[in-house]
Amino acid sequence: MKIFKLLLPFLFLSLAAQSQRSTENDGDWSLQQLVLRNTAEADLMIRVGDIDNLGFGFDTDFNPFSGRSTWSHGFPWKVNTTDARGTDRIMIPGSFKNGMFGSDGYTGTTSRPANLPQSISIPLTDVKSVKVDSAALQLFIDDFQSPSMKSKFQVKINGLRFTEAEKMISRIDQTGPIGKLITLRLTPELLQKLSGDSLVISIDDPVSKVGDGFAIDFVKLLINPRTIYKGSIRGKIIDMDTREPIPGAIASVEDGSSAIADAEGFFTMENIPAGLNIVKGSHTGYSSQLKQVDVVDGETNENLELELKRSGKLSFNNKTLQEGDQLILNNIQFDVNSAVLKPAGKTELDKLAAFLKQNIQVEIQLSGHTSSEGSAALNRELSLKRVRSCKDYLVAKGIDDGRISIRGFGPDMPLAPNDTEVNRAKNRRVEMKLTSL
């Protein structure tokens with residue numbers, strides 16, 4: 001819970017003055033919008049919002065990209081009308097109902113409509129001149145408290161749910177209030193949004209009715225990013241009930257880094273982006289666990305313990321499944337170069353929708369696969385469109401789209417050699433994986 005503190009004007013001005021900097025990777029910190037090319041951290045960087053800790057400023061020796069948290073600051077504060085839309089302001093979820101489901105200091109010291117969530121728009125004109133292989137968003141966030149306040153934030157990019165970002169935010173428990181950096185890799189589906197005119201980031205909790213106020217200092221889009229501020233995570237993965245180590249268990253973070261636990265359950269992950277990270281522990285036969293970890297540039301976090309509980313079992317299509325298991329969804333086939341579902345595929349997805357409605361705690365990943373004819377890149381795009389059509393069908397049947405992630409692998413993961421039509425048919429498939437149980 002936030003503690004209300006009166007702001008001292010002279011302190012505010014002093015700190016704000018100290019925040020006026022210019023650095024190689026970010027240029028003039030006071031600018032509301034900036035584009036830089038070929039920096040140490042990316043082929044292209046587009047920033048929206050000034051880097052000034054919501055107007056409170058940073059100590060002269062504080063690096064907001066190092067992964068360290070800011071000190072606790074006061075609230076509320078006066079919004080500067082020159083700040084970029086969606087930045088440097090207190091925002092209260094749109095679903096909040098006063099006095100019903102709990103609230104924090106940000107909520108109690110602001111009012112509607114000034115504190116309604118605002119989207120942040122990143123112009124993409126400069127992206128069109130760059131070959132995009134990967135991209136990431138960096139956000140300097142302030143005072144998200146989902147674990148303690150039970151808020152349920154949704155993150156959307158151009159209207160599309162960014163479930164990976166939601167999983168991170170749902171496990172972040174900031175208080176003080178304090179600010180901290182997070183880095184989010186864009187999924188292949190979201191990378192396609194970079195071909196438009198702008199990337200619109202929307203964060204809100206439309207469900208819980210909780211007053212979990214939050215703020216964002218700035219957002220950066222990094223095209224073909226390189227991690228320059230990084231640290232390490234060391235930890236141990238154990239069985240929750242027996243307290244014994246789980247050799248071979250996997251620790252991973254959202255950017256794709258992972259490590260395998262040794263015979264004693266210990267693991268080390270290096271070169272992890274500085275800032276807030278969510279580490280996932282997983283192993284066959286166990287339910288995964290996710291924990292928030294602070295990673296500081298040049299340092300090692302050594303206090304992480306992941307406790308995995310034996311996974312329950314569920315039945316689908318006459319098969320018994322545990323978390324991490326996957327199976328081919330039969331009868332989901334498409335015409336050549338088409339992502340339109342056929343009647344037989346809809347029947348199969350009706351079964352899956354019924355399963356998900358009966359087991360509301362289950363989350364899944366749908367992956368699309370193709371044979372190898374034609375361009376691999378086009379096949380990946382096609383396979384992604386196909387599983388998107390599957391997801392859209394399930395959502396239309398009443399399944400929360402936040403429970404379904406999708407991947408399009410194209411020809412990259414064949415079940416059989418692509419040497420006969422029979423084998424190629426085997427490779428054209430949609431698979432379901434239980435990612436949370």
# chains A, B, ... in the order shown; residues from 1 in each chain; ligands from 1
$ residues_around --residues "Ser287 of chain A" --least-positions-apart "5" --cutoff "9 Å" --atoms "only C-alpha atoms" --output "list in words"
Gly281, Ser282, Leu308, Lys309, Arg310, Ser311, Gly312, Gln322, Glu323, Gly324, Thr435, Ser436 and Leu437 of chain A
$ select_by_dssp --residues "segment 67-177 of chain A" --states "strand (DSSP E)" --output "PyMOL selection string"
chain A and resi 120-123+135-142+154-157+160-161
$ closest_residue --among "A:Leu306, A:Leu276, A:Ala136, A:Leu221" --to "Pro64 of chain A" --atoms "only C-alpha atoms"
A:Leu276
$ closest_residue --among "A:Ile233, A:Val387, A:Leu222, A:Val395" --to "Phe334 of chain A" --atoms "only C-alpha atoms"
A:Val387
$ residues_around --residues "segment 195-212 of chain A" --least-positions-apart "3" --cutoff "9 Å" --atoms "only C-alpha atoms" --output "PyMOL selection string"
chain A and resi 86+91-98+100-108+117-125+127-128+143-146+149-159+191-192
$ write_last_selection --atoms "C-alpha atoms" --output "PDB file, in the first residue's frame"
ATOM      1  CA  GLY A  86       0.159   8.020 -21.607  1.00  0.00           C
ATOM      2  CA  MET A  91      -3.661   5.970 -14.372  1.00  0.00           C
ATOM      3  CA  ILE A  92      -6.404   4.006 -12.623  1.00  0.00           C
ATOM      4  CA  PRO A  93      -7.887   0.909 -14.321  1.00  0.00           C
ATOM      5  CA  GLY A  94     -11.076   1.506 -16.266  1.00  0.00           C
ATOM      6  CA  SER A  95     -12.964  -1.206 -14.353  1.00  0.00           C
ATOM      7  CA  PHE A  96     -12.370   0.392 -10.939  1.00  0.00           C
ATOM      8  CA  LYS A  97     -15.486   0.710  -8.800  1.00  0.00           C
ATOM      9  CA  ASN A  98     -15.026   3.039  -5.852  1.00  0.00           C
ATOM     10  CA  MET A 100     -15.994  -2.092  -3.694  1.00  0.00           C
ATOM     11  CA  PHE A 101     -12.841  -4.038  -4.403  1.00  0.00           C
ATOM     12  CA  GLY A 102      -9.918  -2.181  -2.831  1.00  0.00           C
ATOM     13  CA  SER A 103      -7.708   0.690  -3.924  1.00  0.00           C
ATOM     14  CA  ASP A 104      -4.315   2.280  -3.348  1.00  0.00           C
ATOM     15  CA  GLY A 105      -2.967   5.752  -2.683  1.00  0.00           C
ATOM     16  CA  TYR A 106      -2.774   6.637  -6.364  1.00  0.00           C
ATOM     17  CA  THR A 107      -6.478   5.927  -6.673  1.00  0.00           C
ATOM     18  CA  GLY A 108      -7.447   7.850  -3.560  1.00  0.00           C
ATOM     19  CA  PRO A 117      -5.707   4.877 -18.713  1.00  0.00           C
ATOM     20  CA  GLN A 118      -4.207   6.371 -21.857  1.00  0.00           C
ATOM     21  CA  SER A 119      -2.508   4.472 -24.667  1.00  0.00           C
ATOM     22  CA  ILE A 120       1.024   5.261 -25.843  1.00  0.00           C
ATOM     23  CA  SER A 121       1.600   5.531 -29.585  1.00  0.00           C
ATOM     24  CA  ILE A 122       5.009   4.941 -31.176  1.00  0.00           C
ATOM     25  CA  PRO A 123       5.358   6.259 -34.751  1.00  0.00           C
ATOM     26  CA  LEU A 124       6.800   3.666 -37.144  1.00  0.00           C
ATOM     27  CA  THR A 125       7.858   5.753 -40.151  1.00  0.00           C
ATOM     28  CA  VAL A 127      11.053   1.351 -39.120  1.00  0.00           C
ATOM     29  CA  LYS A 128      10.173   1.011 -42.790  1.00  0.00           C
ATOM     30  CA  ASP A 143       3.721   0.882  -8.933  1.00  0.00           C
ATOM     31  CA  PHE A 144       2.041  -2.145 -10.514  1.00  0.00           C
ATOM     32  CA  GLN A 145       0.867  -4.411  -7.657  1.00  0.00           C
ATOM     33  CA  SER A 146      -1.105  -7.327  -9.109  1.00  0.00           C
ATOM     34  CA  MET A 149      -4.011  -6.219  -5.009  1.00  0.00           C
ATOM     35  CA  LYS A 150      -5.336  -9.040  -7.253  1.00  0.00           C
ATOM     36  CA  SER A 151      -5.629  -6.765 -10.258  1.00  0.00           C
ATOM     37  CA  LYS A 152      -5.757  -8.347 -13.713  1.00  0.00           C
ATOM     38  CA  PHE A 153      -4.000  -6.168 -16.251  1.00  0.00           C
ATOM     39  CA  GLN A 154      -4.290  -6.692 -19.977  1.00  0.00           C
ATOM     40  CA  VAL A 155      -1.674  -5.444 -22.431  1.00  0.00           C
ATOM     41  CA  LYS A 156      -2.652  -4.833 -26.037  1.00  0.00           C
ATOM     42  CA  ILE A 157      -0.550  -3.884 -29.041  1.00  0.00           C
ATOM     43  CA  ASN A 158      -2.694  -2.376 -31.801  1.00  0.00           C
ATOM     44  CA  GLY A 159      -5.670  -4.131 -30.220  1.00  0.00           C
ATOM     45  CA  LEU A 191       6.345  -8.112 -35.204  1.00  0.00           C
ATOM     46  CA  GLN A 192       3.877  -7.953 -38.079  1.00  0.00           C
TER      47      GLN A 192
END
$ atom_distance --atom1 "atom CA of Leu352 of chain A" --atom2 "atom CA of Lys291 of chain A"
29.2 Å
